[in-house]
Structure formats: structure tokens, C-alpha cells
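Colleague: Sharing run.pdb (PDB, C-alpha atoms) below.
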ATOM      1  CA  GLN A1361      -3.508  81.013  44.357
ATOM      2  CA  VAL A1362      -0.547  82.820  45.881
ATOM      3  CA  GLN A1363      -0.290  84.077  49.445
ATOM      4  CA  LEU A1364       2.298  86.690  50.341
ATOM      5  CA  VAL A1365       3.627  87.540  53.797
ATOM      6  CA  GLU A1366       5.959  90.496  54.320
ATOM      7  CA  SER A1367       8.396  90.917  57.185
ATOM      8  CA  GLY A1368      11.386  93.010  58.167
ATOM      9  CA  GLY A1369       9.842  96.401  58.704
ATOM     10  CA  GLY A1370      10.514  98.532  61.749
ATOM     11  CA  LEU A1371      11.627 101.844  63.194
ATOM     12  CA  VAL A1372      15.057 103.041  62.102
ATOM     13  CA  GLN A1373      17.021 106.262  61.928
ATOM     14  CA  ALA A1374      17.840 108.180  58.786
ATOM     15  CA  GLY A1375      20.831 106.638  57.037
ATOM     16  CA  ASP A1376      20.131 103.152  58.346
ATOM     17  CA  SER A1377      19.360 100.056  56.282
ATOM     18  CA  LEU A1378      16.548  97.517  56.332
ATOM     19  CA  ARG A1379      15.877  94.359  54.375
ATOM     20  CA  LEU A1380      12.274  93.462  53.743
ATOM     21  CA  SER A1381      11.293  89.899  52.912
ATOM     22  CA  CYS A1382       8.216  88.579  51.141
ATOM     23  CA  ALA A1383       7.540  84.882  51.566
ATOM     24  CA  ALA A1384       5.238  83.403  48.947
ATOM     25  CA  SER A1385       3.239  80.198  48.909
ATOM     26  CA  GLY A1386       2.415  78.321  45.755
ATOM     27  CA  ARG A1387       4.304  76.019  43.450
ATOM     28  CA  THR A1388       4.431  78.490  40.559
ATOM     29  CA  PHE A1389       5.993  81.349  42.487
ATOM     30  CA  GLY A1390       9.147  81.050  40.455
ATOM     31  CA  SER A1391       7.331  82.241  37.348
ATOM     32  CA  TYR A1392       5.568  85.236  38.886
ATOM     33  CA  ALA A1393       6.705  88.792  38.337
ATOM     34  CA  MET A1394       6.973  90.548  41.710
ATOM     35  CA  GLY A1395       6.897  94.057  43.002
ATOM     36  CA  TRP A1396       7.346  96.116  46.132
ATOM     37  CA  PHE A1397       5.001  99.054  46.617
ATOM     38  CA  ARG A1398       4.556 101.527  49.433
ATOM     39  CA  GLN A1399       1.791 103.731  50.718
ATOM     40  CA  ALA A1400       2.211 106.682  53.045
ATOM     41  CA  PRO A1401      -0.734 108.208  54.947
ATOM     42  CA  GLY A1402      -2.908 110.267  52.627
ATOM     43  CA  LYS A1403      -1.008 109.190  49.534
ATOM     44  CA  GLU A1404      -1.594 106.689  46.765
ATOM     45  CA  ARG A1405       0.151 103.362  46.641
ATOM     46  CA  GLU A1406       3.288 103.652  44.529
ATOM     47  CA  LEU A1407       5.846 101.326  43.026
ATOM     48  CA  VAL A1408       9.201 101.062  44.754
ATOM     49  CA  ALA A1409      10.823  98.225  42.793
ATOM     50  CA  ALA A1410       9.847  95.351  40.524
ATOM     51  CA  ILE A1411      11.476  92.188  39.233
ATOM     52  CA  SER A1412      10.606  89.974  36.280
ATOM     53  CA  GLY A1413       9.416  86.395  36.583
ATOM     54  CA  ASN A1414      12.795  85.021  35.546
ATOM     55  CA  GLY A1415      14.677  87.504  37.722
ATOM     56  CA  ASP A1416      16.641  88.891  34.795
ATOM     57  CA  ASN A1417      15.201  92.387  34.837
ATOM     58  CA  THR A1418      14.440  94.920  37.538
ATOM     59  CA  GLY A1419      12.935  98.364  37.673
ATOM     60  CA  TYR A1420      12.913 101.082  40.308
ATOM     61  CA  ALA A1421      11.119 104.264  41.170
ATOM     62  CA  ASP A1422      13.360 107.307  40.822
ATOM     63  CA  SER A1423      13.265 107.722  44.596
ATOM     64  CA  ALA A1424      14.669 104.208  45.049
ATOM     65  CA  LYS A1425      17.373 104.135  42.391
ATOM     66  CA  GLY A1426      20.839 103.774  43.829
ATOM     67  CA  ARG A1427      19.548 103.063  47.345
ATOM     68  CA  PHE A1428      17.210 100.053  47.086
ATOM     69  CA  THR A1429      17.779  96.629  45.560
ATOM     70  CA  ILE A1430      15.125  94.039  44.751
ATOM     71  CA  SER A1431      16.093  90.398  44.447
ATOM     72  CA  ARG A1432      14.478  86.984  44.547
ATOM     73  CA  ASP A1433      15.395  83.524  45.750
ATOM     74  CA  THR A1434      13.196  81.099  43.861
ATOM     75  CA  GLY A1435      14.372  78.141  45.939
ATOM     76  CA  LYS A1436      13.117  79.892  49.084
ATOM     77  CA  ASN A1437      10.017  81.373  47.418
ATOM     78  CA  THR A1438      11.102  84.749  48.715
ATOM     79  CA  VAL A1439      11.563  88.237  47.336
ATOM     80  CA  TYR A1440      13.706  90.789  49.121
ATOM     81  CA  LEU A1441      13.976  94.551  49.184
ATOM     82  CA  LEU A1442      17.247  95.844  50.563
ATOM     83  CA  MET A1443      16.916  99.489  51.505
ATOM     84  CA  ASN A1444      20.020 101.533  52.214
ATOM     85  CA  SER A1445      20.462 105.178  53.188
ATOM     86  CA  LEU A1446      16.905 105.401  54.396
ATOM     87  CA  LYS A1447      15.251 108.806  54.591
ATOM     88  CA  PRO A1448      12.247 110.051  56.593
ATOM     89  CA  GLU A1449      10.305 110.302  53.333
ATOM     90  CA  ASP A1450      10.660 106.515  52.926
ATOM     91  CA  THR A1451       8.259 106.109  55.849
ATOM     92  CA  ALA A1452       5.268 104.076  54.642
ATOM     93  CA  VAL A1453       3.589 100.709  54.707
ATOM     94  CA  TYR A1454       5.438  98.476  52.254
ATOM     95  CA  PHE A1455       3.519  95.860  50.290
ATOM     96  CA  CYS A1456       4.685  92.886  48.295
ATOM     97  CA  ALA A1457       2.733  92.001  45.154
ATOM     98  CA  ALA A1458       2.729  89.226  42.567
ATOM     99  CA  THR A1459       1.398  88.812  39.059
ATOM    100  CA  PRO A1460       1.353  85.502  37.175
ATOM    101  CA  PHE A1461       3.337  86.620  34.163
ATOM    102  CA  ARG A1462       6.444  84.746  33.148
ATOM    103  CA  GLY A1463       9.492  85.881  31.310
ATOM    104  CA  SER A1464      11.682  88.920  31.369
ATOM    105  CA  VAL A1465       9.142  91.705  31.869
ATOM    106  CA  PHE A1466       8.535  93.556  35.113
ATOM    107  CA  TYR A1467       5.426  95.584  35.902
ATOM    108  CA  ARG A1468       5.081  99.051  37.409
ATOM    109  CA  GLU A1469       1.367  99.590  37.915
ATOM    110  CA  VAL A1470      -0.811  98.617  40.880
ATOM    111  CA  TYR A1471      -3.547  97.285  38.588
ATOM    112  CA  GLU A1472      -1.152  94.822  36.946
ATOM    113  CA  TYR A1473      -0.751  92.822  40.151
ATOM    114  CA  ASP A1474      -3.217  90.141  41.259
ATOM    115  CA  TYR A1475      -1.928  89.185  44.700
ATOM    116  CA  TRP A1476      -0.955  91.383  47.646
ATOM    117  CA  GLY A1477       0.502  90.903  51.088
ATOM    118  CA  GLN A1478      -0.790  92.574  54.229
ATOM    119  CA  GLY A1479       2.055  95.100  54.373
ATOM    120  CA  THR A1480       4.840  95.898  56.799
ATOM    121  CA  GLN A1481       5.423  99.306  58.384
ATOM    122  CA  VAL A1482       8.702 101.112  57.820
ATOM    123  CA  THR A1483       9.291 104.243  59.870
ATOM    124  CA  VAL A1484      12.412 106.349  59.408
ATOM    125  CA  SER A1485      13.137 108.991  62.030
ATOM    126  CA  SER A1486      15.243 112.060  61.326
TER     127      SER A1486
END
Represent the structure of the file as C-alpha cells.
Modeller:
Amino acid sequence: QVQLVESGGGLVQAGDSLRLSCAASGRTFGSYAMGWFRQAPGKERELVAAISGNGDNTGYADSAKGRFTISRDTGKNTVYLLMNSLKPEDTAVYFCAATPFRGSVFYREVYEYDYWGQGTQVTVSS
């Protein structure tokens, strides 16, 4: 069983940066593929960024490429999402997710993830 707790959200202005953190419990966290998703009001949950279980590979939504960076610190059982050049359209609840697959593959789909955090609100004002 893995429990995920997100933090780092808040209200910022367009162009600002935020770093989200996802703290995970569980001894096997280091082998889990991880993802950051977001959901805006009235919209479906969508992938923002994902990282493989071994940390070697990452993937991003087109909207996040060049602005966001996902990383993990296995020693701290934490995954990060650094968000630069934030835009009002980045406003959403951001969720951390985990799936118990090892290796060099990352996953893009909501249904591929077994564990979810409670979410953290990110609001970007224009």
C-alpha cells in the first residue's frame, strides 16, 4: 500500500514558478512509476508529467514541455514537479499518482495508476 501527500500549491501570478512535492509512504516507493495529473473545473483529469520507476525516463504533456520538470528523490520518497512560466490556464487541482511498475517505462493514462493523493490547488492569476 502506498499513501501519497501533495504539497506546494498556492496562488501565484502569471510568469511565476511553483514546486509541487509528493511525499510517498511505503518501502517499495523507489520502484513505482509516478505521475502528476491535473484537473480543472468541468474538465477531465489529464497528465502533466510522468517519470519511470528507475527515474531514467520522463514524459510530458505538450502544454508542460519546456516549462515543467518532474523529478524524484528515492532517498526522500518524494516526487517533485517544478513549474516555471506559469499561465492562467495552468490553474487546476494537481494530483500525484503512483503505479507499481518497475523499470524504465512511464505511464500517461489515468487508469494505469493505482494510488492517488488528495490533490493540491494551483491558481495562476493574470
Colleague: The PyMOL selection byres ((chain A and resi 1397) around 8) - which residues does that actually catch in the file I just gave you? List them as a list in words.
Modeller: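 Those residues are Gly1395, Trp1396, Arg1398, Gln1399, Arg1405, Glu1406, Leu1407, Val1408, Ala1409, Tyr1454, Phe1455, Cys1456 and Ala1457 of chain A.
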Colleague: Considering all atoms listed in the file, can you say which of A:Ser1367, A:Asn1417, A:Ser1464, A:Ser1486 comes closest to Leu1441 (chain A)?
Modeller: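 Between A:Ser1367, A:Asn1417, A:Ser1464, A:Ser1486, the residue approaching Leu1441 (chain A) most closely is A:Ser1367.
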Colleague: May I ask which of the residues A:Arg1432, A:Arg1468, A:Lys1425, A:Lys1403 is the closest one to Leu1380 (chain A), counting only C-alpha atoms?
Modeller: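 The answer is A:Arg1432, which sits nearest to Leu1380 (chain A).
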Colleague: With distances taken over all atoms listed in the file, which residue among A:Ala1393, A:Leu1364, A:Ala1384, A:Ala1421 lies nearest Gly1463 (chain A)?
Modeller: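 Going through A:Ala1393, A:Leu1364, A:Ala1384, A:Ala1421 one by one, the smallest distance to Gly1463 (chain A) is for A:Ala1393.
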Colleague: May I ask which of the residues A:Ala1424, A:Gln1363, A:Ser1381, A:Pro1401 is the closest one to Asp1474 (chain A), counting all atoms listed in the file?
Modeller: A:Gln1363
Colleague: What gap, in Å, lies between CA of Asp1450 (chain A) and CA of Ser1391 (chain A)?
Modeller: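 Taking CA of Asp1450 (chain A) as the start and CA of Ser1391 (chain A) as the end point, the length is 29.0 Å.
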Colleague: Counting all atoms listed in the file, figure out which residue out of A:Cys1382, A:Gly1368, A:Met1443, A:Ala1458 gets nearest to Val1470 (chain A).
Modeller: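 Looking at the shortest contact to Val1470 (chain A), the residue is A:Ala1458.
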Colleague: I want to know what sits within 10 Å of region 1369-1372 of chain A, based on all atoms listed in the file, with residues of the same chain fewer than 4 positions away left out; could you give that as a list in words?
Modeller: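 Counting all atoms listed in the file, the residues come to Asp1376, Ser1377, Leu1378, Arg1379, Leu1380, Ser1381, Leu1446, Lys1447, Pro1448, Thr1451, Ala1452, Val1453, Tyr1454, Gly1479, Thr1480, Gln1481, Val1482, Thr1483, Val1484, Ser1485 and Ser1486 of chain A.
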Colleague: Which residues are close to Met1394 (chain A), i.e. within 8 Å by all atoms listed in the file, leaving aside same-chain residues fewer than 4 positions away? Reply as a PyMOL selection string.
Modeller: chain A and resi 1410-1413+1439+1456-1459+1466-1467
Colleague: Filtering to C-alpha atoms, could you give me those residues as an mmCIF file, in the frame of the given file?
Modeller:
data_model
loop_
_atom_site.group_PDB
_atom_site.id
_atom_site.type_symbol
_atom_site.label_atom_id
_atom_site.label_comp_id
_atom_site.auth_asym_id
_atom_site.auth_seq_id
_atom_site.Cartn_x
_atom_site.Cartn_y
_atom_site.Cartn_z
ATOM 1 C CA ALA A 1410 9.847 95.351 40.524
ATOM 2 C CA ILE A 1411 11.476 92.188 39.233
ATOM 3 C CA SER A 1412 10.606 89.974 36.280
ATOM 4 C CA GLY A 1413 9.416 86.395 36.583
ATOM 5 C CA VAL A 1439 11.563 88.237 47.336
ATOM 6 C CA CYS A 1456 4.685 92.886 48.295
ATOM 7 C CA ALA A 1457 2.733 92.001 45.154
ATOM 8 C CA ALA A 1458 2.729 89.226 42.567
ATOM 9 C CA THR A 1459 1.398 88.812 39.059
ATOM 10 C CA PHE A 1466 8.535 93.556 35.113
ATOM 11 C CA TYR A 1467 5.426 95.584 35.902
#
Colleague: Between A:Gln1361, A:Asn1444, A:Asn1414, A:Ser1423, which has the minimum distance to Tyr1392 (chain A) (counting all atoms listed in the file)?
Modeller: A:Asn1414
Colleague: Rounded to one decimal, what separation in Å do you get between CA of Glu1404 (chain A) and CA of Glu1469 (chain A)?
Modeller: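 Here the two named atoms are 11.7 Å from each other.
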Colleague: Mind pulling up the distance from CA of Ala1374 (chain A) to CA of Asp1422 (chain A)?
Modeller: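 Going from CA of Asp1422 (chain A) over to CA of Ala1374 (chain A), I get 18.5 Å.
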Colleague: Using the file's own x, y and z axes, what box holds all listed atoms of region 1375-1385 of chain A with 5 Å on each side, keeping edges along x, y and z, and what are its centre and edge lengths in Å to one decimal, as AutoDock Vina command-line options?
Modeller:
--center_x 12.0 --center_y 93.4 --center_z 53.6 --size_x 27.6 --size_y 36.4 --size_z 19.4
Colleague: If you keep N, CA and C atoms, can you output region 1378-1415 of chain A as a short mmCIF file (atom, residue, chain, number, x, y, z; two decimals), in the first residue's frame?
Modeller:
data_model
loop_
_atom_site.label_atom_id
_atom_site.label_comp_id
_atom_site.auth_asym_id
_atom_site.auth_seq_id
_atom_site.Cartn_x
_atom_site.Cartn_y
_atom_site.Cartn_z
N LEU A 1378 6.38 27.54 -9.28
CA LEU A 1378 6.00 26.77 -8.10
C LEU A 1378 6.67 25.41 -8.17
N ARG A 1379 6.96 24.84 -7.02
CA ARG A 1379 7.43 23.46 -6.99
C ARG A 1379 6.49 22.65 -6.12
N LEU A 1380 5.85 21.68 -6.73
CA LEU A 1380 4.99 20.77 -6.01
C LEU A 1380 5.80 19.57 -5.52
N SER A 1381 5.43 19.07 -4.36
CA SER A 1381 6.07 17.89 -3.80
C SER A 1381 5.02 16.82 -3.54
N CYS A 1382 5.42 15.58 -3.68
CA CYS A 1382 4.56 14.44 -3.38
C CYS A 1382 5.35 13.48 -2.51
N ALA A 1383 4.97 13.41 -1.24
CA ALA A 1383 5.65 12.53 -0.31
C ALA A 1383 4.91 11.20 -0.26
N ALA A 1384 5.66 10.13 -0.43
CA ALA A 1384 5.07 8.79 -0.50
C ALA A 1384 5.51 7.93 0.68
N SER A 1385 4.59 7.13 1.17
CA SER A 1385 4.93 6.15 2.19
C SER A 1385 5.11 4.80 1.52
N GLY A 1386 5.77 3.89 2.20
CA GLY A 1386 5.92 2.57 1.62
C GLY A 1386 7.35 2.28 1.24
N ARG A 1387 7.80 1.08 1.55
CA ARG A 1387 9.19 0.72 1.34
C ARG A 1387 9.54 0.53 -0.12
N THR A 1388 8.54 0.28 -0.98
CA THR A 1388 8.84 -0.01 -2.38
C THR A 1388 8.64 1.19 -3.28
N PHE A 1389 8.55 2.39 -2.67
CA PHE A 1389 8.31 3.58 -3.48
C PHE A 1389 9.32 3.71 -4.60
N GLY A 1390 10.55 3.37 -4.30
CA GLY A 1390 11.61 3.56 -5.27
C GLY A 1390 11.39 2.83 -6.57
N SER A 1391 10.53 1.83 -6.59
CA SER A 1391 10.29 1.07 -7.81
C SER A 1391 9.02 1.48 -8.54
N TYR A 1392 8.27 2.42 -7.99
CA TYR A 1392 6.99 2.80 -8.57
C TYR A 1392 7.18 3.86 -9.64
N ALA A 1393 6.50 3.69 -10.76
CA ALA A 1393 6.39 4.78 -11.72
C ALA A 1393 5.42 5.82 -11.16
N MET A 1394 5.70 7.10 -11.41
CA MET A 1394 4.93 8.18 -10.80
C MET A 1394 4.44 9.14 -11.86
N GLY A 1395 3.38 9.83 -11.51
CA GLY A 1395 2.87 10.83 -12.44
C GLY A 1395 2.24 12.00 -11.71
N TRP A 1396 2.23 13.13 -12.38
CA TRP A 1396 1.48 14.30 -11.93
C TRP A 1396 0.35 14.54 -12.93
N PHE A 1397 -0.85 14.67 -12.42
CA PHE A 1397 -2.02 14.96 -13.23
C PHE A 1397 -2.65 16.25 -12.71
N ARG A 1398 -3.54 16.82 -13.50
CA ARG A 1398 -4.29 17.98 -13.04
C ARG A 1398 -5.72 17.92 -13.55
N GLN A 1399 -6.59 18.59 -12.80
CA GLN A 1399 -7.99 18.63 -13.19
C GLN A 1399 -8.55 20.01 -12.91
N ALA A 1400 -9.00 20.66 -13.96
CA ALA A 1400 -9.63 21.97 -13.85
C ALA A 1400 -11.14 21.78 -13.75
N PRO A 1401 -11.85 22.75 -13.20
CA PRO A 1401 -13.31 22.62 -13.06
C PRO A 1401 -13.98 22.33 -14.40
N GLY A 1402 -14.82 21.29 -14.42
CA GLY A 1402 -15.55 20.95 -15.62
C GLY A 1402 -14.75 20.20 -16.66
N LYS A 1403 -13.51 19.87 -16.34
CA LYS A 1403 -12.66 19.17 -17.30
C LYS A 1403 -12.21 17.83 -16.75
N GLU A 1404 -11.76 16.96 -17.64
CA GLU A 1404 -11.26 15.66 -17.23
C GLU A 1404 -9.86 15.78 -16.64
N ARG A 1405 -9.52 14.81 -15.82
CA ARG A 1405 -8.17 14.75 -15.29
C ARG A 1405 -7.20 14.42 -16.42
N GLU A 1406 -6.09 15.15 -16.46
CA GLU A 1406 -5.14 14.97 -17.56
C GLU A 1406 -3.72 14.86 -17.03
N LEU A 1407 -2.91 14.15 -17.78
CA LEU A 1407 -1.50 14.01 -17.42
C LEU A 1407 -0.78 15.33 -17.60
N VAL A 1408 0.11 15.63 -16.66
CA VAL A 1408 1.02 16.76 -16.79
C VAL A 1408 2.42 16.23 -17.07
N ALA A 1409 2.89 15.29 -16.24
CA ALA A 1409 4.23 14.74 -16.40
C ALA A 1409 4.29 13.38 -15.72
N ALA A 1410 5.19 12.54 -16.20
CA ALA A 1410 5.35 11.20 -15.64
C ALA A 1410 6.82 10.84 -15.61
N ILE A 1411 7.18 9.94 -14.68
CA ILE A 1411 8.56 9.50 -14.56
C ILE A 1411 8.56 8.00 -14.31
N SER A 1412 9.54 7.32 -14.88
CA SER A 1412 9.62 5.87 -14.75
C SER A 1412 10.07 5.46 -13.36
N GLY A 1413 9.89 4.19 -13.05
CA GLY A 1413 10.26 3.68 -11.74
C GLY A 1413 11.73 3.87 -11.41
N ASN A 1414 12.58 3.74 -12.40
CA ASN A 1414 14.02 3.93 -12.15
C ASN A 1414 14.47 5.37 -12.36
N GLY A 1415 13.54 6.24 -12.72
CA GLY A 1415 13.87 7.66 -12.88
C GLY A 1415 14.58 8.01 -14.16
#
